[in-house]
Structures are given as C-alpha cells and as structure tokens.
file input34.cif (mmCIF, C-alpha atoms)
data_protein
loop_
_atom_site.label_atom_id
_atom_site.label_comp_id
_atom_site.auth_asym_id
_atom_site.auth_seq_id
_atom_site.Cartn_x
_atom_site.Cartn_y
_atom_site.Cartn_z
CA MET A 1 124.99 66.71 -8.31
CA ARG A 2 122.67 69.36 -9.19
CA ARG A 3 122.71 71.97 -6.50
CA LEU A 4 124.61 73.98 -9.02
CA ARG A 5 126.69 71.03 -9.70
CA ALA A 6 124.60 69.86 -9.20
CA CYS A 7 125.75 66.41 -7.70
CA LEU A 8 125.30 51.28 -6.61
CA GLY A 9 125.92 48.53 -7.49
CA ALA A 10 124.34 45.17 -6.95
CA ALA A 11 123.60 41.69 -8.02
CA ALA A 12 121.60 38.87 -6.62
CA ALA A 13 118.72 37.26 -8.16
CA VAL A 14 116.60 39.88 -9.83
CA ALA A 15 113.78 38.29 -11.79
CA VAL A 16 113.89 39.50 -15.37
CA ALA A 17 111.23 38.43 -17.81
CA ALA A 18 112.63 36.50 -20.72
CA GLY A 19 111.34 39.03 -23.22
CA THR A 20 112.98 41.92 -21.39
CA THR A 21 116.23 40.02 -21.07
CA ALA A 22 116.25 39.41 -24.81
CA LEU A 23 115.51 43.07 -25.51
CA VAL A 24 118.33 44.34 -23.31
CA ALA A 25 120.84 41.76 -24.43
CA GLY A 26 119.95 42.30 -28.07
CA SER A 27 120.29 46.06 -27.74
CA ALA A 28 123.66 45.64 -26.08
CA SER A 29 125.11 43.96 -29.13
CA GLY A 30 125.63 47.28 -30.89
CA ALA A 31 126.68 49.27 -27.85
CA THR A 32 130.37 49.31 -28.70
CA SER A 33 130.12 49.61 -32.46
CA THR A 34 130.11 53.38 -32.93
CA ALA A 35 133.44 54.33 -31.38
CA ASP A 36 136.61 52.81 -30.02
CA ALA A 37 136.74 52.73 -26.23
CA LEU A 38 139.31 54.68 -24.30
CA SER A 39 141.18 53.17 -21.38
CA ASN A 40 139.26 52.92 -18.11
CA ARG A 41 141.60 55.55 -16.67
CA TRP A 42 140.13 58.14 -19.02
CA TYR A 43 136.53 57.29 -18.08
CA ALA A 44 137.62 57.52 -14.44
CA ALA A 45 139.00 61.00 -15.09
CA ALA A 46 136.02 62.38 -17.03
CA PRO A 47 134.74 65.67 -15.55
CA TYR A 48 131.03 66.44 -15.66
CA LEU A 49 129.63 68.54 -18.51
CA MET A 50 126.03 69.64 -18.98
CA PRO A 51 125.66 69.63 -22.78
CA LEU A 52 122.27 71.39 -22.88
CA ASP A 53 122.34 73.82 -19.94
CA ASN A 54 124.56 76.14 -17.89
CA ASP A 55 126.10 77.83 -20.95
CA PRO A 56 127.78 74.67 -22.31
CA PRO A 57 131.41 75.27 -23.27
CA SER A 58 132.97 73.81 -26.39
CA ALA A 59 134.23 70.31 -25.65
CA SER A 60 136.57 70.58 -28.63
CA ALA A 61 138.12 73.77 -27.24
CA ILE A 62 138.66 72.12 -23.86
CA MET A 63 140.32 69.13 -25.52
CA ASP A 64 142.67 71.40 -27.47
CA ALA A 65 143.58 73.48 -24.42
CA THR A 66 144.05 70.68 -21.88
CA GLY A 67 144.55 67.33 -23.58
CA LEU A 68 141.33 66.03 -21.99
CA LYS A 69 139.76 63.10 -23.85
CA ALA A 70 136.75 62.02 -21.76
CA PHE A 71 133.60 63.83 -20.63
CA GLN A 72 130.89 62.85 -18.14
CA LEU A 73 127.65 64.12 -19.71
CA ALA A 74 124.81 64.96 -17.27
CA PHE A 75 121.99 64.09 -16.55
CA ILE A 76 119.59 61.35 -17.68
CA LEU A 77 116.21 61.58 -15.89
CA ALA A 78 112.66 60.34 -16.24
CA PRO A 79 110.34 62.64 -18.23
CA ASN A 80 108.96 65.56 -16.23
CA GLY A 81 105.48 64.54 -17.35
CA GLY A 82 105.95 60.97 -16.10
CA GLY A 83 106.93 57.66 -17.66
CA CYS A 84 109.78 55.18 -17.81
CA SER A 85 111.80 56.52 -20.74
CA PRO A 86 115.15 58.33 -20.71
CA THR A 87 115.42 62.08 -21.22
CA TRP A 88 118.07 64.73 -20.82
CA ASP A 89 117.17 66.71 -17.69
CA GLY A 90 113.58 65.52 -17.84
CA THR A 91 112.77 67.49 -20.98
CA ALA A 92 114.63 66.22 -24.08
CA ALA A 93 113.85 62.65 -25.09
CA VAL A 94 116.91 60.53 -25.80
CA SER A 95 115.05 58.72 -28.58
CA SER A 96 114.76 61.86 -30.71
CA ASP A 97 117.92 63.63 -29.55
CA THR A 98 120.30 65.12 -32.07
CA ALA A 99 121.85 67.94 -30.02
CA VAL A 100 123.74 65.79 -27.51
CA LYS A 101 124.68 63.29 -30.19
CA SER A 102 126.33 66.07 -32.16
CA VAL A 103 128.41 66.95 -29.08
CA ILE A 104 129.42 63.30 -28.68
CA ASP A 105 130.26 62.99 -32.38
CA ALA A 106 132.51 66.07 -32.16
CA ILE A 107 134.34 64.66 -29.14
CA ARG A 108 134.84 61.29 -30.83
CA ALA A 109 136.04 62.94 -34.02
CA LYS A 110 138.95 64.32 -31.98
CA GLY A 111 139.80 60.94 -30.46
CA GLY A 112 137.81 61.31 -27.24
CA ASP A 113 134.74 59.67 -25.76
CA VAL A 114 132.00 60.16 -23.19
CA SER A 115 130.36 58.55 -20.21
CA VAL A 116 126.76 59.45 -19.41
CA SER A 117 125.56 60.22 -15.89
CA ILE A 118 122.11 59.33 -14.63
CA GLY A 119 120.40 60.94 -11.66
CA GLY A 120 121.95 63.92 -9.94
CA TYR A 121 120.31 66.26 -7.45
CA GLY A 122 116.68 67.08 -8.20
CA GLY A 123 114.28 65.87 -10.86
CA THR A 124 112.59 62.46 -11.11
CA LYS A 125 114.92 59.53 -11.61
CA LEU A 126 114.14 56.47 -13.68
CA GLY A 127 114.59 54.29 -10.61
CA GLN A 128 111.62 56.14 -9.13
CA ALA A 129 109.50 56.12 -12.28
CA CYS A 130 110.08 52.57 -13.56
CA SER A 131 108.32 49.60 -11.98
CA ASP A 132 111.32 47.36 -11.38
CA ALA A 133 115.01 46.84 -12.04
CA ALA A 134 114.42 45.23 -15.44
CA SER A 135 112.38 48.12 -16.83
CA THR A 136 114.86 50.61 -15.33
CA ALA A 137 117.72 48.79 -17.05
CA ALA A 138 115.80 48.70 -20.34
CA ALA A 139 115.42 52.49 -20.21
CA TYR A 140 119.15 52.97 -19.57
CA GLN A 141 119.99 50.45 -22.30
CA GLN A 142 118.32 52.80 -24.76
CA VAL A 143 120.91 55.44 -23.80
CA ILE A 144 123.82 53.00 -24.08
CA THR A 145 122.66 51.80 -27.48
CA LYS A 146 121.75 55.24 -28.86
CA TYR A 147 125.20 56.67 -28.12
CA GLY A 148 127.31 53.50 -28.28
CA LEU A 149 128.48 54.01 -24.70
CA HIS A 150 131.42 52.29 -23.04
CA ALA A 151 130.85 53.94 -19.65
CA ILE A 152 127.96 55.05 -17.42
CA ASP A 153 127.69 56.81 -14.07
CA PHE A 154 124.96 56.30 -11.46
CA ASP A 155 124.79 59.59 -9.52
CA LEU A 156 122.60 58.54 -6.58
CA GLU A 157 121.93 61.22 -3.99
CA GLU A 158 119.15 63.28 -2.47
CA PRO A 159 116.28 62.82 -2.73
CA GLU A 160 116.33 59.49 -4.58
CA TYR A 161 118.74 57.65 -2.31
CA GLU A 162 116.26 58.09 0.53
CA ASN A 163 113.81 55.93 -1.46
CA THR A 164 114.58 52.26 -0.76
CA ALA A 165 112.57 50.90 -3.68
CA ALA A 166 114.13 53.35 -6.14
CA ILE A 167 117.66 52.50 -5.03
CA LYS A 168 116.88 48.79 -5.35
CA ASN A 169 115.76 49.48 -8.94
CA GLU A 170 118.88 51.53 -9.73
CA ILE A 171 121.23 48.93 -8.30
CA GLY A 172 119.44 46.10 -10.02
CA ALA A 173 119.57 48.04 -13.27
CA ALA A 174 123.31 48.66 -12.85
CA ARG A 175 123.83 44.94 -12.37
CA ILE A 176 121.82 44.07 -15.49
CA LEU A 177 123.64 46.66 -17.61
CA GLN A 178 127.02 45.40 -16.46
CA GLN A 179 126.07 41.82 -17.33
CA ASN A 180 124.59 42.65 -20.74
CA ASN A 181 127.30 45.10 -21.84
CA PRO A 182 130.64 43.32 -21.31
CA GLY A 183 133.41 45.75 -20.45
CA LEU A 184 131.04 48.59 -19.56
CA TYR A 185 132.73 50.97 -17.10
CA VAL A 186 130.30 51.68 -14.24
CA SER A 187 130.86 54.35 -11.61
CA VAL A 188 128.54 55.01 -8.67
CA THR A 189 128.57 58.51 -7.20
CA THR A 190 126.97 59.55 -3.92
CA ALA A 191 127.09 62.23 -1.24
CA GLY A 192 130.15 62.61 0.98
CA THR A 193 130.32 63.46 4.67
CA ALA A 194 133.16 63.92 7.13
CA ASP A 195 132.63 60.27 8.10
CA GLY A 196 132.87 59.19 4.47
CA THR A 197 129.21 58.98 3.56
CA GLY A 198 125.95 59.26 5.48
CA TRP A 199 123.31 56.75 6.53
CA PHE A 200 121.60 56.61 3.14
CA GLY A 201 124.92 56.18 1.38
CA LYS A 202 125.76 53.28 3.65
CA GLN A 203 122.36 51.70 3.00
CA MET A 204 123.05 51.95 -0.70
CA LEU A 205 126.33 50.11 -0.24
CA LEU A 206 124.54 47.40 1.71
CA GLU A 207 122.03 47.04 -1.12
CA ALA A 208 124.94 46.64 -3.52
CA LYS A 209 126.40 43.96 -1.29
CA ALA A 210 123.04 42.19 -1.03
CA GLN A 211 122.71 42.06 -4.81
CA GLY A 212 126.33 41.04 -5.28
CA PHE A 213 127.15 43.91 -7.61
CA THR A 214 130.60 45.53 -7.74
CA PRO A 215 131.03 48.59 -9.98
CA ASN A 216 134.39 49.91 -11.07
CA ASN A 217 134.15 52.37 -8.20
CA PHE A 218 132.02 53.98 -5.54
CA SER A 219 132.78 57.72 -5.56
CA ILE A 220 131.87 60.26 -2.89
CA MET A 221 131.35 63.99 -3.31
CA PRO A 222 133.11 65.62 -0.33
CA PHE A 223 131.58 69.08 -0.57
CA ASP A 224 128.37 70.81 0.53
CA GLY A 225 128.78 69.18 3.92
CA GLY A 226 130.90 71.55 5.99
CA PHE A 227 134.17 70.76 4.24
CA ASN A 228 137.08 73.15 4.44
CA GLY A 229 139.68 72.55 1.76
CA ALA A 230 141.63 69.48 0.74
CA ALA A 231 142.54 68.21 4.21
CA SER A 232 138.89 67.68 5.10
CA GLN A 233 138.30 65.95 1.76
CA THR A 234 141.19 63.51 2.05
CA SER A 235 140.06 62.73 5.62
CA ALA A 236 136.60 61.86 4.27
CA LEU A 237 138.17 59.66 1.58
CA THR A 238 140.15 57.81 4.26
CA ASN A 239 136.99 57.27 6.28
CA PHE A 240 135.06 56.14 3.22
CA ASN A 241 137.79 53.60 2.50
CA LYS A 242 137.16 52.08 5.93
CA ILE A 243 133.42 51.89 5.17
CA LEU A 244 134.15 50.03 1.94
CA GLN A 245 136.43 47.64 3.82
CA SER A 246 133.89 46.87 6.51
CA THR A 247 130.93 46.61 4.10
CA PHE A 248 132.48 44.35 1.48
CA GLY A 249 135.25 42.65 3.44
CA TRP A 250 137.91 44.21 1.23
CA SER A 251 141.50 44.95 2.14
CA GLU A 252 142.55 48.59 2.29
CA ALA A 253 144.22 48.33 -1.11
CA THR A 254 141.19 46.67 -2.72
CA ALA A 255 138.91 49.31 -1.25
CA TYR A 256 141.05 52.11 -2.68
CA ALA A 257 141.04 50.35 -6.05
CA HIS A 258 137.21 50.66 -5.97
CA GLU A 259 137.06 54.19 -4.54
CA GLY A 260 136.61 57.51 -6.29
CA PHE A 261 136.59 61.25 -5.65
CA SER A 262 134.11 63.67 -7.21
CA GLY A 263 134.84 67.26 -6.21
CA MET A 264 133.42 70.69 -6.93
CA ASN A 265 135.73 73.30 -8.40
CA GLY A 266 135.72 76.78 -6.90
CA ARG A 267 132.86 77.91 -4.67
CA SER A 268 130.41 75.18 -3.66
CA ASP A 269 126.68 75.52 -3.12
CA THR A 270 127.21 76.11 0.60
CA GLY A 271 130.04 78.64 0.13
CA GLU A 272 133.01 76.29 0.60
CA ILE A 273 136.03 77.22 -1.54
CA PHE A 274 138.13 74.62 -3.34
CA THR A 275 141.11 76.04 -5.23
CA GLN A 276 143.57 74.59 -7.71
CA ALA A 277 145.91 73.86 -4.78
CA ASP A 278 143.16 71.82 -3.10
CA PHE A 279 142.65 69.83 -6.29
CA GLN A 280 146.37 69.11 -6.49
CA THR A 281 146.43 67.86 -2.89
CA VAL A 282 143.48 65.52 -3.47
CA LEU A 283 144.98 64.37 -6.77
CA ASP A 284 148.21 63.48 -4.98
CA TYR A 285 146.19 61.53 -2.40
CA ALA A 286 144.19 59.71 -5.08
CA THR A 287 147.22 58.69 -7.12
CA SER A 288 149.35 57.71 -4.12
CA HIS A 289 146.54 55.45 -2.84
CA ASN A 290 145.83 53.99 -6.29
CA MET A 291 142.23 55.20 -6.27
CA ASP A 292 140.08 54.40 -9.29
CA ARG A 293 138.46 57.76 -10.05
CA PHE A 294 139.10 61.51 -9.91
CA THR A 295 136.45 63.82 -11.34
CA PHE A 296 134.61 67.05 -10.57
CA TRP A 297 131.50 69.15 -11.09
CA SER A 298 131.79 70.77 -13.54
CA LEU A 299 133.39 71.86 -16.80
CA ASN A 300 130.57 74.38 -17.22
CA ARG A 301 132.04 76.06 -14.11
CA ASP A 302 135.71 75.71 -15.09
CA ARG A 303 136.19 79.36 -16.04
CA GLN A 304 136.48 82.61 -14.16
CA CYS A 305 133.51 84.76 -13.22
CA SER A 306 133.58 88.51 -13.52
CA PRO A 307 135.95 89.99 -10.88
CA ALA A 308 133.04 91.27 -8.80
CA ASP A 309 131.62 87.75 -8.51
CA ASN A 310 134.79 85.92 -7.46
CA GLY A 311 134.02 84.23 -4.15
CA GLY A 312 130.77 86.12 -3.80
CA ARG A 313 128.21 83.65 -5.15
CA THR A 314 127.96 80.15 -6.52
CA SER A 315 127.32 79.90 -10.23
CA GLY A 316 126.57 77.08 -12.62
CA THR A 317 128.66 78.74 -15.32
CA CYS A 318 131.85 79.88 -13.54
CA SER A 319 133.91 78.94 -10.48
CA SER A 320 133.98 82.17 -8.42
CA VAL A 321 137.74 81.73 -7.87
CA ALA A 322 140.66 83.25 -9.77
CA GLN A 323 141.64 80.95 -12.60
CA ASN A 324 142.45 80.50 -16.25
CA SER A 325 139.81 78.73 -18.27
CA TRP A 326 139.98 74.93 -17.83
CA ASP A 327 142.50 75.01 -14.97
CA PHE A 328 140.60 72.30 -13.11
CA ALA A 329 140.22 70.04 -16.15
CA LYS A 330 143.98 69.67 -16.22
CA TYR A 331 143.91 67.77 -12.91
CA SER A 332 141.69 65.15 -14.53
CA VAL A 333 144.17 64.95 -17.40
CA LYS A 334 146.97 64.36 -14.90
CA PHE A 335 144.95 61.61 -13.20
CA ALA A 336 144.59 59.89 -16.57
CA GLY A 337 148.39 59.85 -16.75
CA VAL A 338 148.92 62.59 -19.31
CA THR A 339 150.82 65.85 -19.02
CA PRO A 340 148.54 68.78 -19.97
CA PRO A 341 149.89 71.17 -22.61
CA THR A 342 151.38 74.41 -21.33
CA THR A 343 149.69 77.36 -22.96
CA PRO A 344 149.65 81.06 -22.07
CA PRO A 345 148.47 82.92 -20.14
CA THR A 346 150.14 81.59 -17.02
CA SER A 347 148.29 83.94 -14.66
CA PRO A 348 144.55 84.48 -14.21
CA PRO A 349 143.05 86.80 -16.80
CA PRO A 350 142.09 90.25 -15.59
CA SER A 351 138.51 89.88 -16.71
CA SER A 352 135.98 87.10 -17.01
CA PRO A 353 135.75 85.05 -20.21
CA THR A 354 132.00 84.97 -19.58
CA PRO A 355 130.02 88.20 -19.63
CA PRO A 356 128.56 89.49 -16.37
CA PRO A 357 124.82 89.00 -15.93
CA SER A 358 122.49 91.68 -17.26
CA THR A 359 121.22 94.22 -14.73
CA GLN A 360 117.84 94.48 -16.43
CA CYS A 361 115.13 92.66 -14.50
CA LYS A 362 113.47 89.70 -16.21
CA THR A 363 109.74 89.02 -16.15
CA ALA A 364 108.48 88.79 -12.58
CA TRP A 365 108.20 85.33 -11.03
CA SER A 366 104.69 83.91 -10.70
CA ALA A 367 103.68 81.11 -8.34
CA SER A 368 101.15 79.80 -10.85
CA THR A 369 103.56 79.51 -13.78
CA ALA A 370 105.46 76.29 -14.54
CA TYR A 371 109.10 76.99 -15.44
CA THR A 372 111.53 74.68 -17.27
CA GLY A 373 115.28 74.55 -16.78
CA GLY A 374 116.93 77.70 -18.08
CA SER A 375 113.88 79.95 -17.59
CA GLU A 376 114.72 83.35 -16.12
CA VAL A 377 112.58 85.50 -13.82
CA SER A 378 112.99 88.39 -11.42
CA TYR A 379 112.06 88.31 -7.75
CA ASN A 380 112.86 90.56 -4.81
CA GLY A 381 115.28 92.72 -6.81
CA HIS A 382 117.29 89.82 -8.25
CA ASN A 383 117.22 87.83 -11.47
CA TRP A 384 116.90 84.05 -11.06
CA LYS A 385 117.47 81.12 -13.43
CA ALA A 386 115.61 77.80 -13.10
CA LYS A 387 117.94 74.80 -12.76
CA TRP A 388 115.15 72.34 -13.57
CA TRP A 389 111.35 72.24 -13.92
CA THR A 390 109.60 74.04 -11.07
CA GLN A 391 106.29 75.57 -10.07
CA ASN A 392 105.28 77.48 -6.93
CA GLU A 393 108.79 77.32 -5.44
CA THR A 394 109.84 80.82 -4.38
CA PRO A 395 113.26 81.92 -5.66
CA GLY A 396 115.78 82.07 -2.82
CA ALA A 397 113.58 80.20 -0.35
CA SER A 398 116.13 77.39 -0.09
CA GLN A 399 119.78 77.16 -1.05
CA TRP A 400 119.02 73.67 -2.41
CA GLY A 401 116.01 74.90 -4.35
CA PRO A 402 115.49 75.06 -8.12
CA TRP A 403 116.52 78.71 -8.56
CA GLU A 404 120.03 80.04 -9.22
CA ASP A 405 120.61 83.65 -8.13
CA GLU A 406 121.98 85.63 -11.08
CA GLY A 407 122.48 88.79 -9.08
CA ALA A 408 120.77 92.10 -8.45
CA CYS A 409 118.77 93.75 -11.21
#

call {"tool": "encode", "arguments": {"input": "input34.cif", "output": "structure tokens"}}
result
Amino acid sequence: MRRLRACLGAAAAVAVAAGTTALVAGSASGATSTADALSNRWYAAAPYLMPLDNDPPSASAIMDATGLKAFQLAFILAPNGGGCSPTWDGTAAVSSDTAVKSVIDAIRAKGGDVSVSIGGYGGTKLGQACSDAASTAAAYQQVITKYGLHAIDFDLEEPEYENTAAIKNEIGAARILQQNNPGLYVSVTTAGTADGTGWFGKQMLLEAKAQGFTPNNFSIMPFDGGFNGAASQTSALTNFNKILQSTFGWSEATAYAHEGFSGMNGRSDTGEIFTQADFQTVLDYATSHNMDRFTFWSLNRDRQCSPADNGGRTSGTCSSVAQNSWDFAKYSVKFAGVTPPTTPPTSPPPSSPTPPPSTQCKTAWSASTAYTGGSEVSYNGHNWKAKWWTQNETPGASQWGPWEDEGAC
C-alpha cells in the first residue's frame, strides 16, 4: 500500500529455537498492559494513517470530528541500511522511537487504540531481511511489546509477495505472534484483482493453508487494477470469497467472516476515482455479507485538495475529489457500528484545507544523490517528493516509482 497509499497467515511446524521461543513468549507477557483493548470490530474498521509522512493529520481532531477510535499506523520495515530490526519506513528505529509513541498515547488518552501495519508497497520488508520465521517474529514482537499492541496488520504485496521465502517467513511470523500473544487481532492485506486476487495472492493463501494459520481476515485492495467504481469492487470481493472457499474448504458464510476490504479514497494511483457513494455501496455489501473488515488508504488523504487539483493528480495528502475533511473516515465508523456525529459544513468547502504546492522549483534532482522519504527535488519542470529511500530512479519514470509529482514549478 504505498503507491501513494501506498498499499498471511499460517501454521505448521516451524522450528523455533528454545531461546527464541522464550524471548518472544516472555516479551508477549506485557503486550496488553499499556492500554485496554477495543472490540475487534474497531480494529477491523481502522483506516491507515502514516504518522511520520504525508503531512500527518491530527488523530485527535479526526476522533473529535468523526467518532473514530482506531487507527492503522503504517509502515514497519527493515532498516534501509540492512538488518533484522523493526523501523518506521526503513528510517526510524522502533527501539528509540518517541514520535509515534506520542501519537499512540494521544489516541489512547481519548479512548482509542491502534493497530500497526507491516510491509506495504516498496521498501525492504523484515520477511526479506530476517533469516527465518522465528527471527522475523522476534522483530515484530519488539513492536508489539514497545507499543502494547492488541492488533497487527500484514500488508503483503509487490514486490515482497513474489518472494516465496519472504512470504514463508512472514506467514510463519504471523503464526508465532498469534500463538504468543493471545487475543491478538491479525489482518492480512494483499492486492486485489477483478478475479479476487492474482497468482501471488493465491500462493500466499496456499502457504497460509500449508502452515495451518488462520488470521482474523484476509483483505484485498480492489484498486490500481482497472477497477471502475463500487460495482467492480464488490464483484472482486465476491470472487475473492470463492477463492477463500476453495482454498480453505470454508462455507460461503465462513469465508465472508474471514474476508476484508481495503479501499483507496478518491483518486487512485492509476487514476481510478472512488467517491463517498462508492464507499457507501461497498460498506453496504460488507455489512450485509457479515464481512470482517472495512478499511482504506488513507487518512492522510481524507481531505480535499485545492480546486485545481481535484481529479487531476493522485496525492498522498489529499483525495482529489470534492469532500469535507474526514468524509471517508465516517464509513469506517459506521462499519464499527457507531453513528458518526453530524457537524457542519454539510457541503464540500470551497477551498482546500491543505495549501496548494509551492510553484518555486526545489533543488534539481541528481542521479548520484541518495534521497530519503520526504525529500523534495525538481525535475523536468515539476517538483517531486520522495515516498521512500531512493537513488538513481528518475522522477516520473514509472507511476509505481518512488517519486510523487507535486505539480509544475
């Protein structure tokens, strides 16, 4: 989930050294001590929020405006410099973090809670960097223990889910975490296609079956794949339900009870448009079929762009559709079973709550320079912002690349 949203399960005998088992199990003992858990329905309704990038909005303000209680914080990755330890976006070590913890503390002070998402689109995942499932799980256990988590999300997509060994590590880690953290809510998110999910997604499900692991849900992201509004998304969810049935031998109802939707609000990376009406249609489908999860990428985008940008480009910080701030978050609140508060204005504001990008050109891009997430450059008459660490990748060369177009300068 990282194309501007960006965006497992298993169990069978995975050999875990006794010392590692003791470490993980011992760490788990304090995992639920720092905050009271919400109901699973809230963790299932938690929209994604990048707490350190893409102009993070105030979680407290969103809670006040919408009634939202749960947030899906993104993303945990391996360090950009290598190693099997958890970081935020490859750059900020979890072990020394205070910035994200302060966000979590503020949410919990208002009666809410968070889930943390691992993976996403781009960057190096811990399943790739760690040697086996046990060491991968130990790295994730550090995150669970540090923040006292009750929920975690495995966002497994390109390019990691094309790596068989990495997916085996991720699934094995998910199994270990579920065993060592009783009651932990585990969601597994992967790419969606018109058929439900693609070949690599199906292989991931087979790996989950082979290891005997069942998460709370397998969620697909039906966008960035030629989708056209809610009808195409609900069709994909129906097809994915059949895949879950055939893979695990579940009934239709059981499959829906383990199925989730993860959408993208507004304009997607490939130019698809998903409006508030589309979200309502998918929400109605999800609730009528008793699905387990309804979420979206992202709260950073749940606000209106400047009028000139609406529909014209995909942004990590606004939706590119007409909306009031936090319109899309209210659909997650409804999925959790709560009626959002009604607050003015009732029509889209005439101007963007976020300022339009500057027209002054940034420092020119250089192929020899290494850029971290959030770095800004100019190239070919446009300003560009790095979505993650990159070097020698030309801005605009690929729509899935590391650079976000911030407009002409």

call {"tool": "resolve_selection", "arguments": {"input": "input34.cif", "expression": "the PyMOL selection byres ((chain A and resi 391) around 8)", "output": "list in words"}}
result
Ala367, Ser368, Thr369, Ala370, Tyr371, Trp389, Thr390, Asn392 and Glu393 of chain A

call {"tool": "atom_distance", "arguments": {"input": "input34.cif", "atom1": "atom CA of A:Asn300", "atom2": "atom CA of A:Val282"}}
result
20.8 Å

call {"tool": "atom_distance", "arguments": {"input": "input34.cif", "atom1": "atom CA of A:Met50", "atom2": "atom CA of A:Ala74"}}
result
5.1 Å

call {"tool": "residues_near_point", "arguments": {"input": "input34.cif", "point": "(150.2, 70.6, -22.1)", "cutoff": "8 Å", "atoms": "all atoms listed in the file", "output": "JSON, numbers by chain"}}
result
{"A": [65, 66, 67, 339, 340, 341, 342, 343]}

call {"tool": "closest_residue", "arguments": {"input": "input34.cif", "among": "A:Leu126, A:Leu237, A:Ala46, A:Leu283", "to": "A:Met221", "atoms": "all atoms listed in the file"}}
result
A:Leu237

call {"tool": "closest_atom_pairs", "arguments": {"input": "input34.cif", "of": "stretch 135-224 of chain A", "to": "stretch 243-259 of chain A", "cutoff": "7 Å", "atoms": "only C-alpha atoms", "output": "Markdown table"}}
result
| residue | atom | partner | partner_atom | distance |
| --- | --- | --- | --- | --- |
| A:Leu206 | CA | A:Thr247 | CA | 6.9 |
| A:Lys209 | CA | A:Phe248 | CA | 6.7 |
| A:Asn216 | CA | A:His258 | CA | 5.9 |
| A:Asn217 | CA | A:His258 | CA | 4.2 |
| A:Phe218 | CA | A:Glu259 | CA | 5.1 |
| A:Ser219 | CA | A:Glu259 | CA | 5.6 |

call {"tool": "residues_around", "arguments": {"input": "input34.cif", "residues": "stretch 90-97 of chain A", "least_positions_apart": "5", "cutoff": "12 Å", "atoms": "only C-alpha atoms", "output": "MDAnalysis selection string"}}
result
chainID A and resid 51:53 74:85 102:104 116 118:120 122:126 129 139:147 371:374 387:390

call {"tool": "write_last_selection", "arguments": {"input": "input34.cif", "atoms": "C-alpha atoms", "output": "mmCIF file, in the coordinates of the input"}}
result
data_model
loop_
_atom_site.group_PDB
_atom_site.id
_atom_site.type_symbol
_atom_site.label_atom_id
_atom_site.label_comp_id
_atom_site.auth_asym_id
_atom_site.auth_seq_id
_atom_site.Cartn_x
_atom_site.Cartn_y
_atom_site.Cartn_z
ATOM 1 C CA PRO A 51 125.660 69.630 -22.780
ATOM 2 C CA LEU A 52 122.270 71.390 -22.880
ATOM 3 C CA ASP A 53 122.340 73.820 -19.940
ATOM 4 C CA ALA A 74 124.810 64.960 -17.270
ATOM 5 C CA PHE A 75 121.990 64.090 -16.550
ATOM 6 C CA ILE A 76 119.590 61.350 -17.680
ATOM 7 C CA LEU A 77 116.210 61.580 -15.890
ATOM 8 C CA ALA A 78 112.660 60.340 -16.240
ATOM 9 C CA PRO A 79 110.340 62.640 -18.230
ATOM 10 C CA ASN A 80 108.960 65.560 -16.230
ATOM 11 C CA GLY A 81 105.480 64.540 -17.350
ATOM 12 C CA GLY A 82 105.950 60.970 -16.100
ATOM 13 C CA GLY A 83 106.930 57.660 -17.660
ATOM 14 C CA CYS A 84 109.780 55.180 -17.810
ATOM 15 C CA SER A 85 111.800 56.520 -20.740
ATOM 16 C CA SER A 102 126.330 66.070 -32.160
ATOM 17 C CA VAL A 103 128.410 66.950 -29.080
ATOM 18 C CA ILE A 104 129.420 63.300 -28.680
ATOM 19 C CA VAL A 116 126.760 59.450 -19.410
ATOM 20 C CA ILE A 118 122.110 59.330 -14.630
ATOM 21 C CA GLY A 119 120.400 60.940 -11.660
ATOM 22 C CA GLY A 120 121.950 63.920 -9.940
ATOM 23 C CA GLY A 122 116.680 67.080 -8.200
ATOM 24 C CA GLY A 123 114.280 65.870 -10.860
ATOM 25 C CA THR A 124 112.590 62.460 -11.110
ATOM 26 C CA LYS A 125 114.920 59.530 -11.610
ATOM 27 C CA LEU A 126 114.140 56.470 -13.680
ATOM 28 C CA ALA A 129 109.500 56.120 -12.280
ATOM 29 C CA ALA A 139 115.420 52.490 -20.210
ATOM 30 C CA TYR A 140 119.150 52.970 -19.570
ATOM 31 C CA GLN A 141 119.990 50.450 -22.300
ATOM 32 C CA GLN A 142 118.320 52.800 -24.760
ATOM 33 C CA VAL A 143 120.910 55.440 -23.800
ATOM 34 C CA ILE A 144 123.820 53.000 -24.080
ATOM 35 C CA THR A 145 122.660 51.800 -27.480
ATOM 36 C CA LYS A 146 121.750 55.240 -28.860
ATOM 37 C CA TYR A 147 125.200 56.670 -28.120
ATOM 38 C CA TYR A 371 109.100 76.990 -15.440
ATOM 39 C CA THR A 372 111.530 74.680 -17.270
ATOM 40 C CA GLY A 373 115.280 74.550 -16.780
ATOM 41 C CA GLY A 374 116.930 77.700 -18.080
ATOM 42 C CA LYS A 387 117.940 74.800 -12.760
ATOM 43 C CA TRP A 388 115.150 72.340 -13.570
ATOM 44 C CA TRP A 389 111.350 72.240 -13.920
ATOM 45 C CA THR A 390 109.600 74.040 -11.070
#

call {"tool": "residues_around", "arguments": {"input": "input34.cif", "residues": "A:Gly192", "least_positions_apart": "5", "cutoff": "10 Å", "atoms": "only C-alpha atoms", "output": "list in words"}}
result
Glu157, Thr197, Gly198, Gly201, Ser219, Ile220, Met221, Pro222, Phe223, Asp224, Gly225, Phe227, Gln233, Ala236, Leu237, Phe240, Phe261, Ser262 and Gly263 of chain A

call {"tool": "write_last_selection", "arguments": {"input": "input34.cif", "atoms": "C-alpha atoms", "output": "tab-separated table (two decimals), in the coordinates of the input"}}
result
chain	number	residue	atom	x	y	z
A	157	GLU	CA	121.93	61.22	-3.99
A	197	THR	CA	129.21	58.98	3.56
A	198	GLY	CA	125.95	59.26	5.48
A	201	GLY	CA	124.92	56.18	1.38
A	219	SER	CA	132.78	57.72	-5.56
A	220	ILE	CA	131.87	60.26	-2.89
A	221	MET	CA	131.35	63.99	-3.31
A	222	PRO	CA	133.11	65.62	-0.33
A	223	PHE	CA	131.58	69.08	-0.57
A	224	ASP	CA	128.37	70.81	0.53
A	225	GLY	CA	128.78	69.18	3.92
A	227	PHE	CA	134.17	70.76	4.24
A	233	GLN	CA	138.30	65.95	1.76
A	236	ALA	CA	136.60	61.86	4.27
A	237	LEU	CA	138.17	59.66	1.58
A	240	PHE	CA	135.06	56.14	3.22
A	261	PHE	CA	136.59	61.25	-5.65
A	262	SER	CA	134.11	63.67	-7.21
A	263	GLY	CA	134.84	67.26	-6.21

call {"tool": "atom_distance", "arguments": {"input": "input34.cif", "atom1": "atom CA of A:Ala61", "atom2": "atom CA of A:Tyr43"}}
result
18.9 Å
